[in-house]
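*Asks:* As input, take input24.cif (mmCIF, C-alpha atoms):
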```cif
data_input
loop_
_atom_site.group_PDB
_atom_site.id
_atom_site.type_symbol
_atom_site.label_atom_id
_atom_site.label_comp_id
_atom_site.auth_asym_id
_atom_site.auth_seq_id
_atom_site.Cartn_x
_atom_site.Cartn_y
_atom_site.Cartn_z
ATOM 1 C CA MET Z 11 154.984 100.631 73.927
ATOM 2 C CA THR Z 12 155.795 96.973 74.483
ATOM 3 C CA ALA Z 13 152.674 95.357 73.065
ATOM 4 C CA THR Z 14 154.777 93.244 70.719
ATOM 5 C CA VAL Z 15 156.622 91.608 73.600
ATOM 6 C CA GLY Z 16 155.397 88.128 74.594
ATOM 7 C CA ALA Z 17 152.387 86.265 73.231
ATOM 8 C CA PRO Z 18 150.539 87.608 70.214
ATOM 9 C CA GLY Z 19 147.637 89.989 70.691
ATOM 10 C CA SER Z 20 146.116 93.011 69.026
ATOM 11 C CA PRO Z 21 147.189 96.445 70.319
ATOM 12 C CA ARG Z 22 143.545 97.335 70.956
ATOM 13 C CA ARG Z 23 142.980 94.259 73.098
ATOM 14 C CA TYR Z 24 146.263 94.862 74.885
ATOM 15 C CA LEU Z 25 145.410 98.471 75.746
ATOM 16 C CA HIS Z 26 141.894 97.525 76.857
ATOM 17 C CA SER Z 27 143.234 94.787 79.129
ATOM 18 C CA LEU Z 28 145.942 97.112 80.417
ATOM 19 C CA TRP Z 29 143.375 99.681 81.455
ATOM 20 C CA LEU Z 30 141.122 97.077 83.094
ATOM 21 C CA LEU Z 31 143.996 95.641 85.144
ATOM 22 C CA SER Z 32 145.225 99.083 86.171
ATOM 23 C CA ALA Z 33 141.718 100.200 87.116
ATOM 24 C CA ARG Z 34 141.335 97.015 89.180
ATOM 25 C CA ASP Z 35 144.559 97.802 91.047
ATOM 26 C CA LEU Z 36 143.327 101.301 91.844
ATOM 27 C CA ARG Z 37 139.902 100.074 92.984
ATOM 28 C CA VAL Z 38 141.456 97.469 95.275
ATOM 29 C CA ARG Z 39 143.893 100.013 96.701
ATOM 30 C CA TYR Z 40 141.221 102.597 97.509
ATOM 31 C CA ALA Z 41 138.323 100.274 98.353
ATOM 32 C CA THR Z 42 140.229 98.622 101.213
ATOM 33 C CA SER Z 43 141.491 101.917 102.647
ATOM 34 C CA ALA Z 44 139.528 104.232 104.902
ATOM 35 C CA LEU Z 45 141.450 107.267 103.646
ATOM 36 C CA GLY Z 46 141.304 106.199 100.003
ATOM 37 C CA TYR Z 47 142.621 108.905 97.693
ATOM 38 C CA LEU Z 48 144.347 110.736 100.554
ATOM 39 C CA TRP Z 49 147.038 108.043 100.665
ATOM 40 C CA SER Z 50 148.215 109.297 97.264
ATOM 41 C CA VAL Z 51 149.127 112.629 98.836
ATOM 42 C CA LEU Z 52 149.917 111.802 102.480
ATOM 43 C CA ASP Z 53 153.158 109.920 101.833
ATOM 44 C CA PRO Z 54 154.909 112.614 99.754
ATOM 45 C CA LEU Z 55 153.371 115.340 101.920
ATOM 46 C CA VAL Z 56 154.750 113.854 105.150
ATOM 47 C CA MET Z 57 158.155 113.226 103.544
ATOM 48 C CA SER Z 58 158.269 116.793 102.259
ATOM 49 C CA ALA Z 59 157.324 118.201 105.662
ATOM 50 C CA ILE Z 60 160.079 116.202 107.373
ATOM 51 C CA TYR Z 61 162.817 117.207 104.932
ATOM 52 C CA TRP Z 62 161.614 120.808 104.864
ATOM 53 C CA PHE Z 63 161.789 120.969 108.661
ATOM 54 C CA VAL Z 64 165.215 119.335 108.872
ATOM 55 C CA PHE Z 65 166.830 121.432 106.137
ATOM 56 C CA THR Z 66 165.216 124.777 106.951
ATOM 57 C CA GLN Z 67 164.648 124.738 110.709
ATOM 58 C CA ILE Z 68 167.472 122.538 112.066
ATOM 59 C CA PHE Z 69 170.368 122.628 109.598
ATOM 60 C CA GLN Z 70 171.745 125.513 107.586
ATOM 61 C CA ARG Z 71 170.670 124.538 104.071
ATOM 62 C CA SER Z 72 172.903 125.271 101.101
ATOM 63 C CA VAL Z 73 171.155 123.180 98.448
ATOM 64 C CA GLY Z 74 168.042 123.578 96.335
ATOM 65 C CA HIS Z 75 166.073 126.741 95.574
ATOM 66 C CA GLU Z 76 163.499 128.855 97.342
ATOM 67 C CA PRO Z 77 160.754 128.134 98.153
ATOM 68 C CA TYR Z 78 162.319 124.864 99.268
ATOM 69 C CA ILE Z 79 159.000 123.111 99.899
ATOM 70 C CA VAL Z 80 158.071 123.452 96.209
ATOM 71 C CA PHE Z 81 161.575 122.343 95.221
ATOM 72 C CA LEU Z 82 161.157 119.222 97.389
ATOM 73 C CA ILE Z 83 157.641 118.256 96.350
ATOM 74 C CA SER Z 84 158.346 118.678 92.616
ATOM 75 C CA ALA Z 85 160.808 115.767 92.866
ATOM 76 C CA LEU Z 86 159.309 113.790 95.739
ATOM 77 C CA LEU Z 87 156.034 113.171 93.894
ATOM 78 C CA PRO Z 88 157.717 111.530 90.866
ATOM 79 C CA TRP Z 89 160.100 109.723 93.240
ATOM 80 C CA VAL Z 90 157.103 108.127 94.994
ATOM 81 C CA TRP Z 91 155.832 106.994 91.579
ATOM 82 C CA PHE Z 92 159.254 105.541 90.745
ATOM 83 C CA ASN Z 93 159.826 103.920 94.144
ATOM 84 C CA SER Z 94 156.375 102.330 94.434
ATOM 85 C CA ALA Z 95 156.446 101.032 90.851
ATOM 86 C CA VAL Z 96 159.913 99.470 91.147
ATOM 87 C CA SER Z 97 158.955 97.903 94.488
ATOM 88 C CA ASP Z 98 155.879 96.328 92.900
ATOM 89 C CA PHE Z 99 157.902 95.063 89.925
ATOM 90 C CA THR Z 100 159.564 92.561 92.254
ATOM 91 C CA ARG Z 101 156.185 90.815 92.715
ATOM 92 C CA ALA Z 102 154.646 91.574 89.317
ATOM 93 C CA PHE Z 103 154.483 87.921 88.215
ATOM 94 C CA SER Z 104 154.400 86.001 91.488
ATOM 95 C CA LYS Z 105 151.416 87.975 92.788
ATOM 96 C CA ASP Z 106 149.173 86.803 89.917
ATOM 97 C CA ALA Z 107 151.041 83.661 88.897
ATOM 98 C CA ARG Z 108 147.943 81.749 87.772
ATOM 99 C CA LEU Z 109 146.774 84.548 85.484
ATOM 100 C CA VAL Z 110 150.277 85.099 84.137
ATOM 101 C CA ARG Z 111 150.503 81.437 83.120
ATOM 102 C CA SER Z 112 147.047 81.239 81.557
ATOM 103 C CA THR Z 113 146.678 84.588 79.799
ATOM 104 C CA SER Z 114 147.018 84.899 76.041
ATOM 105 C CA ILE Z 115 147.770 88.619 76.285
ATOM 106 C CA PRO Z 116 151.458 89.626 76.058
ATOM 107 C CA ARG Z 117 152.827 89.137 79.544
ATOM 108 C CA SER Z 118 154.520 92.519 79.548
ATOM 109 C CA ILE Z 119 151.079 93.736 80.579
ATOM 110 C CA TRP Z 120 151.809 92.671 84.189
ATOM 111 C CA VAL Z 121 154.634 95.165 84.235
ATOM 112 C CA ASN Z 122 152.913 97.934 82.314
ATOM 113 C CA ARG Z 123 149.788 97.816 84.469
ATOM 114 C CA ILE Z 124 151.966 98.729 87.464
ATOM 115 C CA VAL Z 125 153.507 101.647 85.577
ATOM 116 C CA LEU Z 126 150.053 102.890 84.571
ATOM 117 C CA SER Z 127 148.317 102.487 87.941
ATOM 118 C CA LYS Z 128 151.185 104.134 89.827
ATOM 119 C CA GLY Z 129 151.290 106.845 87.176
ATOM 120 C CA VAL Z 130 147.598 107.569 87.752
ATOM 121 C CA GLU Z 131 148.292 107.848 91.485
ATOM 122 C CA PHE Z 132 151.068 110.312 90.627
ATOM 123 C CA LEU Z 133 148.571 112.413 88.676
ATOM 124 C CA PHE Z 134 146.186 112.253 91.647
ATOM 125 C CA SER Z 135 148.940 113.686 93.865
ATOM 126 C CA LEU Z 136 149.730 116.710 91.654
ATOM 127 C CA PRO Z 137 147.116 118.952 93.350
ATOM 128 C CA VAL Z 138 149.456 118.964 96.361
ATOM 129 C CA LEU Z 139 152.180 120.560 94.235
ATOM 130 C CA ALA Z 140 149.669 123.021 92.778
ATOM 131 C CA VAL Z 141 148.516 124.102 96.252
ATOM 132 C CA PHE Z 142 152.058 124.846 97.441
ATOM 133 C CA ILE Z 143 152.833 126.727 94.239
ATOM 134 C CA VAL Z 144 149.791 128.950 94.808
ATOM 135 C CA LEU Z 145 150.698 129.461 98.480
ATOM 136 C CA SER Z 146 154.287 130.339 97.499
ATOM 137 C CA ARG Z 147 153.382 133.038 94.982
ATOM 138 C CA PRO Z 148 155.008 135.348 94.007
ATOM 139 C CA ALA Z 149 158.195 133.483 95.019
ATOM 140 C CA VAL Z 150 157.393 130.873 92.348
ATOM 141 C CA GLU Z 151 157.016 132.204 88.821
ATOM 142 C CA LEU Z 152 155.807 129.729 86.216
ATOM 143 C CA ASN Z 153 157.790 129.785 82.964
ATOM 144 C CA TRP Z 154 158.103 128.053 79.581
ATOM 145 C CA GLY Z 155 159.686 125.041 81.262
ATOM 146 C CA LEU Z 156 156.267 123.963 82.480
ATOM 147 C CA LEU Z 157 155.675 122.647 78.932
ATOM 148 C CA LEU Z 158 158.402 120.074 79.627
ATOM 149 C CA PHE Z 159 156.441 118.528 82.528
ATOM 150 C CA PRO Z 160 154.713 116.009 80.195
ATOM 151 C CA VAL Z 161 158.117 115.211 78.644
ATOM 152 C CA ALA Z 162 159.382 114.301 82.117
ATOM 153 C CA MET Z 163 156.380 112.018 82.599
ATOM 154 C CA LEU Z 164 157.016 110.359 79.240
ATOM 155 C CA LEU Z 165 160.697 109.747 80.023
ATOM 156 C CA GLN Z 166 159.819 108.368 83.444
ATOM 157 C CA THR Z 167 157.293 106.016 81.850
ATOM 158 C CA VAL Z 168 159.918 104.795 79.367
ATOM 159 C CA LEU Z 169 162.415 104.256 82.201
ATOM 160 C CA LEU Z 170 159.912 102.397 84.382
ATOM 161 C CA VAL Z 171 158.763 100.105 81.569
ATOM 162 C CA GLY Z 172 162.375 99.214 80.797
ATOM 163 C CA LEU Z 173 163.214 98.578 84.453
ATOM 164 C CA GLY Z 174 160.024 96.594 84.978
ATOM 165 C CA LEU Z 175 160.685 94.286 82.026
ATOM 166 C CA LEU Z 176 164.131 93.661 83.496
ATOM 167 C CA ILE Z 177 163.392 93.424 87.226
ATOM 168 C CA ALA Z 178 160.115 91.449 87.155
ATOM 169 C CA PRO Z 179 161.446 88.294 85.442
ATOM 170 C CA LEU Z 180 164.759 88.388 87.300
ATOM 171 C CA CYS Z 181 162.951 88.461 90.665
ATOM 172 C CA VAL Z 182 161.036 85.304 89.720
ATOM 173 C CA LEU Z 183 164.258 83.476 88.859
ATOM 174 C CA TRP Z 184 166.251 84.849 91.812
ATOM 175 C CA SER Z 185 164.032 85.651 94.801
ATOM 176 C CA ASP Z 186 166.836 87.387 96.723
ATOM 177 C CA LEU Z 187 166.668 90.215 94.189
ATOM 178 C CA GLU Z 188 163.482 91.463 95.840
ATOM 179 C CA ARG Z 189 165.368 92.386 99.021
ATOM 180 C CA THR Z 190 168.312 93.649 96.988
ATOM 181 C CA THR Z 191 166.022 95.944 95.021
ATOM 182 C CA LYS Z 192 164.692 97.493 98.243
ATOM 183 C CA LEU Z 193 168.229 98.210 99.438
ATOM 184 C CA ILE Z 194 169.139 99.766 96.082
ATOM 185 C CA LEU Z 195 166.050 101.985 96.205
ATOM 186 C CA ARG Z 196 167.042 103.309 99.632
ATOM 187 C CA ALA Z 197 170.499 104.232 98.369
ATOM 188 C CA LEU Z 198 169.135 105.595 95.086
ATOM 189 C CA PHE Z 199 166.933 108.096 96.903
ATOM 190 C CA TYR Z 200 170.011 109.880 98.275
ATOM 191 C CA ALA Z 201 171.969 109.355 95.050
ATOM 192 C CA SER Z 202 169.231 111.132 93.091
ATOM 193 C CA PRO Z 203 168.600 114.909 93.150
ATOM 194 C CA VAL Z 204 165.488 114.882 95.322
ATOM 195 C CA ILE Z 205 166.538 116.888 98.382
ATOM 196 C CA TYR Z 206 169.173 118.702 96.332
ATOM 197 C CA GLY Z 207 169.685 119.706 92.692
ATOM 198 C CA VAL Z 208 172.263 118.475 90.202
ATOM 199 C CA SER Z 209 173.809 121.948 90.175
ATOM 200 C CA ASP Z 210 174.526 121.592 93.910
ATOM 201 C CA LEU Z 211 176.986 118.764 93.240
ATOM 202 C CA PRO Z 212 180.733 119.340 92.741
ATOM 203 C CA GLY Z 213 181.855 119.396 89.094
ATOM 204 C CA ALA Z 214 182.995 115.759 88.791
ATOM 205 C CA PHE Z 215 179.927 114.444 90.588
ATOM 206 C CA GLU Z 216 177.633 116.606 88.463
ATOM 207 C CA THR Z 217 179.009 114.969 85.310
ATOM 208 C CA PHE Z 218 178.615 111.509 86.828
ATOM 209 C CA ALA Z 219 175.075 112.283 88.068
ATOM 210 C CA ALA Z 220 173.913 112.751 84.478
ATOM 211 C CA PHE Z 221 174.094 108.969 84.048
ATOM 212 C CA ASN Z 222 171.378 108.581 86.663
ATOM 213 C CA PRO Z 223 168.295 108.938 84.447
ATOM 214 C CA LEU Z 224 166.298 110.332 87.354
ATOM 215 C CA ALA Z 225 168.569 113.398 87.434
ATOM 216 C CA GLY Z 226 167.397 114.691 84.072
ATOM 217 C CA ILE Z 227 163.804 113.636 84.714
ATOM 218 C CA PHE Z 228 163.624 115.550 88.005
ATOM 219 C CA ALA Z 229 165.265 118.562 86.335
ATOM 220 C CA LEU Z 230 162.499 118.541 83.712
ATOM 221 C CA TYR Z 231 159.828 118.402 86.421
ATOM 222 C CA ARG Z 232 161.403 121.377 88.206
ATOM 223 C CA VAL Z 233 162.440 123.632 85.343
ATOM 224 C CA GLY Z 234 158.943 125.085 85.008
ATOM 225 C CA PHE Z 235 159.281 126.525 88.516
ATOM 226 C CA PHE Z 236 163.056 126.885 88.788
ATOM 227 C CA PRO Z 237 164.644 127.794 85.423
ATOM 228 C CA GLU Z 238 168.106 127.301 86.987
ATOM 229 C CA GLU Z 239 167.457 123.554 86.813
ATOM 230 C CA TRP Z 240 167.714 123.594 82.999
ATOM 231 C CA ASP Z 241 170.828 121.568 82.111
ATOM 232 C CA PRO Z 242 170.906 120.268 78.501
ATOM 233 C CA TRP Z 243 173.803 117.880 79.233
ATOM 234 C CA VAL Z 244 172.120 116.169 82.182
ATOM 235 C CA ILE Z 245 168.720 116.029 80.489
ATOM 236 C CA SER Z 246 170.110 114.668 77.205
ATOM 237 C CA ILE Z 247 172.151 111.924 78.875
ATOM 238 C CA SER Z 248 169.215 110.983 81.096
ATOM 239 C CA ALA Z 249 166.940 110.676 78.056
ATOM 240 C CA VAL Z 250 169.451 108.393 76.334
ATOM 241 C CA MET Z 251 169.713 106.291 79.500
ATOM 242 C CA CYS Z 252 165.911 105.933 79.702
ATOM 243 C CA PHE Z 253 165.686 104.504 76.182
ATOM 244 C CA ALA Z 254 168.759 102.354 76.801
ATOM 245 C CA PHE Z 255 167.028 100.781 79.822
ATOM 246 C CA LEU Z 256 163.936 100.219 77.674
ATOM 247 C CA ALA Z 257 165.979 98.411 75.004
ATOM 248 C CA VAL Z 258 167.751 96.269 77.612
ATOM 249 C CA GLY Z 259 164.469 95.507 79.351
ATOM 250 C CA ILE Z 260 162.723 94.372 76.163
ATOM 251 C CA ALA Z 261 165.678 92.164 75.185
ATOM 252 C CA ALA Z 262 165.902 90.629 78.671
ATOM 253 C CA PHE Z 263 162.152 90.020 78.856
ATOM 254 C CA ARG Z 264 162.113 88.201 75.521
ATOM 255 C CA LYS Z 265 164.996 86.015 76.608
ATOM 256 C CA LEU Z 266 163.696 85.213 80.100
ATOM 257 C CA GLU Z 267 159.937 84.929 79.530
ATOM 258 C CA ARG Z 268 159.930 81.175 78.882
ATOM 259 C CA SER Z 269 162.105 80.492 81.949
ATOM 260 C CA VAL Z 270 159.801 82.634 84.075
ATOM 261 C CA LEU Z 271 156.731 80.664 82.983
ATOM 262 C CA LYS Z 272 158.452 77.393 83.907
ATOM 263 C CA GLU Z 273 159.382 78.787 87.320
ATOM 264 C CA LEU Z 274 155.848 80.004 88.021
#
```
As structure tokens, what does this structure read like?
*Replies:*
Amino acid sequence: MTATVGAPGSPRRYLHSLWLLSARDLRVRYATSALGYLWSVLDPLVMSAIYWFVFTQIFQRSVGHEPYIVFLISALLPWVWFNSAVSDFTRAFSKDARLVRSTSIPRSIWVNRIVLSKGVEFLFSLPVLAVFIVLSRPAVELNWGLLLFPVAMLLQTVLLVGLGLLIAPLCVLWSDLERTTKLILRALFYASPVIYGVSDLPGAFETFAAFNPLAGIFALYRVGFFPEEWDPWVISISAVMCFAFLAVGIAAFRKLERSVLKEL
């Protein structure tokens, strides 16, 4: 997607290197962990259990759809992908500074390898969603919206690449942005329709929420299980925002790449 950004290199070489770097990240992550693959599912599973308990056993819930556990997990899994990728963007260049300086491959690869490796972990976590869907039958009825699941993944990839190309170089030039990014992610979790749906918001807020690209992405993930989540306005605006972030990210990366190399 961004193989033309940075130093010259053939697309084939770029994709091969991208896969090798992403595979290395996954091997390191699982080789040094006793639980290995289970970490891909434990985090969203524990989060889902906590929110399910709070909103179904303690408080009177008026948001989301039944079964609420499926509603939660269908957004929490992509949120974990988004949150972990954006967190890693803040160290994308500083973590491998020597390789970043010496490589002849377009340096956008240090961003895209994070998107890919975290995306693979997201795919590894999908069996959790499948299990709860099976356990919740017949309350959950699959519909045509399930075909939009890959579209949601594509839009999230576009959004993450754009954000990565913007955040990674800025964090090298201004180190305080790493802490700022973590604070923004905490607020963004509650500002995004994870524990609630866009339709649960009051009218004015629902219109404003469309400009959060995650709103339309999460709606696309959920619409295959909850057709009420289909909202053409929110999804269309979110898609435009994803490609807008990609355009801004590519432009910013091209402008800041030389300064980043000097700083490293």
*Asks:* Under the PyMOL selection byres ((chain Z and resi 212-218) around 12), which residues of this model are included? Write them out as number ranges by chain.
*Replies:* Z: 73, 201-203, 206-211, 219-223, 225-226, 241-245, 247-248
*Asks:* Hey, which of Z:Ser146, Z:Val204, Z:Gly74, Z:Phe253 ends up closest to Phe228 of chain Z? Count all atoms listed in the file.
*Replies:* Z:Val204
*Asks:* Rank nothing, just name the residue among Z:Leu36, Z:Leu157, Z:Leu173, Z:Leu183 nearest to Arg268 of chain Z, using only C-alpha atoms.
*Replies:*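 Closest candidate: Z:Leu183.
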*Asks:* Can you tell me which residues surround Ser269 of chain Z at a distance of at most 9 Å, considering all atoms listed in the file, apart from same-chain residues fewer than 4 positions away, and format the answer as a ChimeraX atom specification?
*Replies:* /Z:179,183,265,273-274
*Asks:* Have a look at atom CA of Ser114 of chain Z and atom CA of Leu256 of chain Z and let me know their distance in Å, one decimal.
*Replies:*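 Distance reported for this atom pair: 22.9 Å.
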*Asks:* Atom CA of Leu230 of chain Z to atom CA of Trp62 of chain Z: how many Å, to one decimal?
*Replies:*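 Going from atom CA of Leu230 of chain Z over to atom CA of Trp62 of chain Z covers 21.3 Å.
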*Asks:* Can you give me, as a list in words, the residues this file yields under the PyMOL selection byres ((chain Z and resi 88) around 10)?
*Replies:*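 Selection result, ordered by chain and number: Pro54, Ile83, Ser84, Ala85, Leu86, Leu87, Trp89, Val90, Trp91, Phe92, Asn93, Ser94, Lys128, Gly129, Phe132, Leu133, Ser135, Leu136, Ala162, Met163, Gln166, Val204, Leu224, Ile227, Phe228 and Tyr231 of chain Z.
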*Asks:* Can you write just those residues out, C-alpha atoms, as a PDB file, in the frame of the given file?
*Replies:*
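Heads up, here's the output in part-v4.pdb:
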```pdb
ATOM      1  CA  PRO Z  54     154.909 112.614  99.754  1.00  0.00           C
ATOM      2  CA  ILE Z  83     157.641 118.256  96.350  1.00  0.00           C
ATOM      3  CA  SER Z  84     158.346 118.678  92.616  1.00  0.00           C
ATOM      4  CA  ALA Z  85     160.808 115.767  92.866  1.00  0.00           C
ATOM      5  CA  LEU Z  86     159.309 113.790  95.739  1.00  0.00           C
ATOM      6  CA  LEU Z  87     156.034 113.171  93.894  1.00  0.00           C
ATOM      7  CA  TRP Z  89     160.100 109.723  93.240  1.00  0.00           C
ATOM      8  CA  VAL Z  90     157.103 108.127  94.994  1.00  0.00           C
ATOM      9  CA  TRP Z  91     155.832 106.994  91.579  1.00  0.00           C
ATOM     10  CA  PHE Z  92     159.254 105.541  90.745  1.00  0.00           C
ATOM     11  CA  ASN Z  93     159.826 103.920  94.144  1.00  0.00           C
ATOM     12  CA  SER Z  94     156.375 102.330  94.434  1.00  0.00           C
ATOM     13  CA  LYS Z 128     151.185 104.134  89.827  1.00  0.00           C
ATOM     14  CA  GLY Z 129     151.290 106.845  87.176  1.00  0.00           C
ATOM     15  CA  PHE Z 132     151.068 110.312  90.627  1.00  0.00           C
ATOM     16  CA  LEU Z 133     148.571 112.413  88.676  1.00  0.00           C
ATOM     17  CA  SER Z 135     148.940 113.686  93.865  1.00  0.00           C
ATOM     18  CA  LEU Z 136     149.730 116.710  91.654  1.00  0.00           C
ATOM     19  CA  ALA Z 162     159.382 114.301  82.117  1.00  0.00           C
ATOM     20  CA  MET Z 163     156.380 112.018  82.599  1.00  0.00           C
ATOM     21  CA  GLN Z 166     159.819 108.368  83.444  1.00  0.00           C
ATOM     22  CA  VAL Z 204     165.488 114.882  95.322  1.00  0.00           C
ATOM     23  CA  LEU Z 224     166.298 110.332  87.354  1.00  0.00           C
ATOM     24  CA  ILE Z 227     163.804 113.636  84.714  1.00  0.00           C
ATOM     25  CA  PHE Z 228     163.624 115.550  88.005  1.00  0.00           C
ATOM     26  CA  TYR Z 231     159.828 118.402  86.421  1.00  0.00           C
TER      27      TYR Z 231
END
```
*Asks:* To one decimal place in Å, what is the distance between atom CA of Ile143 of chain Z and atom CA of Val233 of chain Z?
*Replies:*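 According to the coordinates, atom CA of Ile143 of chain Z and atom CA of Val233 of chain Z are separated by 13.5 Å.
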*Asks:* To test the calculation: enclose all listed atoms of segment 21-35 of chain Z in a box whose edges run along x, y and z, add 6 Å on each side, then state centre and edge lengths in Å to one decimal, as lines of an AutoDock Vina configuration file.
*Replies:*
```
center_x = 144.2
center_y = 97.2
center_z = 80.7
size_x = 18.1
size_y = 17.9
size_z = 32.7
```
*Asks:* Quick one: segment 238-253 of chain Z with N, CA and C atoms, as a PDB file, keeping the file's coordinate frame?
*Replies:*
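Wrote it out as part.pdb, contents follow:
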```
ATOM      1  N   GLU Z 238     166.697 127.639  86.771  1.00  0.00           N
ATOM      2  CA  GLU Z 238     168.106 127.301  86.987  1.00  0.00           C
ATOM      3  C   GLU Z 238     168.367 125.810  86.839  1.00  0.00           C
ATOM      4  N   GLU Z 239     167.309 125.008  86.917  1.00  0.00           N
ATOM      5  CA  GLU Z 239     167.457 123.554  86.813  1.00  0.00           C
ATOM      6  C   GLU Z 239     167.669 123.090  85.371  1.00  0.00           C
ATOM      7  N   TRP Z 240     167.511 123.972  84.409  1.00  0.00           N
ATOM      8  CA  TRP Z 240     167.714 123.594  82.999  1.00  0.00           C
ATOM      9  C   TRP Z 240     169.181 123.275  82.759  1.00  0.00           C
ATOM     10  N   ASP Z 241     169.461 122.020  82.380  1.00  0.00           N
ATOM     11  CA  ASP Z 241     170.828 121.568  82.111  1.00  0.00           C
ATOM     12  C   ASP Z 241     170.762 120.617  80.917  1.00  0.00           C
ATOM     13  N   PRO Z 242     171.033 121.111  79.707  1.00  0.00           N
ATOM     14  CA  PRO Z 242     170.906 120.268  78.501  1.00  0.00           C
ATOM     15  C   PRO Z 242     171.737 118.998  78.560  1.00  0.00           C
ATOM     16  N   TRP Z 243     172.943 119.069  79.151  1.00  0.00           N
ATOM     17  CA  TRP Z 243     173.803 117.880  79.233  1.00  0.00           C
ATOM     18  C   TRP Z 243     173.145 116.794  80.084  1.00  0.00           C
ATOM     19  N   VAL Z 244     172.724 117.141  81.277  1.00  0.00           N
ATOM     20  CA  VAL Z 244     172.120 116.169  82.182  1.00  0.00           C
ATOM     21  C   VAL Z 244     170.833 115.608  81.593  1.00  0.00           C
ATOM     22  N   ILE Z 245     170.007 116.468  81.035  1.00  0.00           N
ATOM     23  CA  ILE Z 245     168.720 116.029  80.489  1.00  0.00           C
ATOM     24  C   ILE Z 245     168.918 115.131  79.275  1.00  0.00           C
ATOM     25  N   SER Z 246     169.859 115.471  78.410  1.00  0.00           N
ATOM     26  CA  SER Z 246     170.110 114.668  77.205  1.00  0.00           C
ATOM     27  C   SER Z 246     170.625 113.279  77.564  1.00  0.00           C
ATOM     28  N   ILE Z 247     171.603 113.220  78.468  1.00  0.00           N
ATOM     29  CA  ILE Z 247     172.151 111.924  78.875  1.00  0.00           C
ATOM     30  C   ILE Z 247     171.088 111.087  79.568  1.00  0.00           C
ATOM     31  N   SER Z 248     170.284 111.713  80.409  1.00  0.00           N
ATOM     32  CA  SER Z 248     169.215 110.983  81.096  1.00  0.00           C
ATOM     33  C   SER Z 248     168.211 110.400  80.098  1.00  0.00           C
ATOM     34  N   ALA Z 249     167.874 111.166  79.065  1.00  0.00           N
ATOM     35  CA  ALA Z 249     166.940 110.676  78.056  1.00  0.00           C
ATOM     36  C   ALA Z 249     167.511 109.463  77.327  1.00  0.00           C
ATOM     37  N   VAL Z 250     168.795 109.535  76.992  1.00  0.00           N
ATOM     38  CA  VAL Z 250     169.451 108.393  76.334  1.00  0.00           C
ATOM     39  C   VAL Z 250     169.433 107.179  77.258  1.00  0.00           C
ATOM     40  N   MET Z 251     169.700 107.395  78.543  1.00  0.00           N
ATOM     41  CA  MET Z 251     169.713 106.291  79.500  1.00  0.00           C
ATOM     42  C   MET Z 251     168.332 105.659  79.635  1.00  0.00           C
ATOM     43  N   CYS Z 252     167.279 106.467  79.601  1.00  0.00           N
ATOM     44  CA  CYS Z 252     165.911 105.933  79.702  1.00  0.00           C
ATOM     45  C   CYS Z 252     165.626 104.962  78.560  1.00  0.00           C
ATOM     46  N   PHE Z 253     165.956 105.368  77.330  1.00  0.00           N
ATOM     47  CA  PHE Z 253     165.686 104.504  76.182  1.00  0.00           C
ATOM     48  C   PHE Z 253     166.637 103.316  76.139  1.00  0.00           C
TER      49      PHE Z 253
END
```
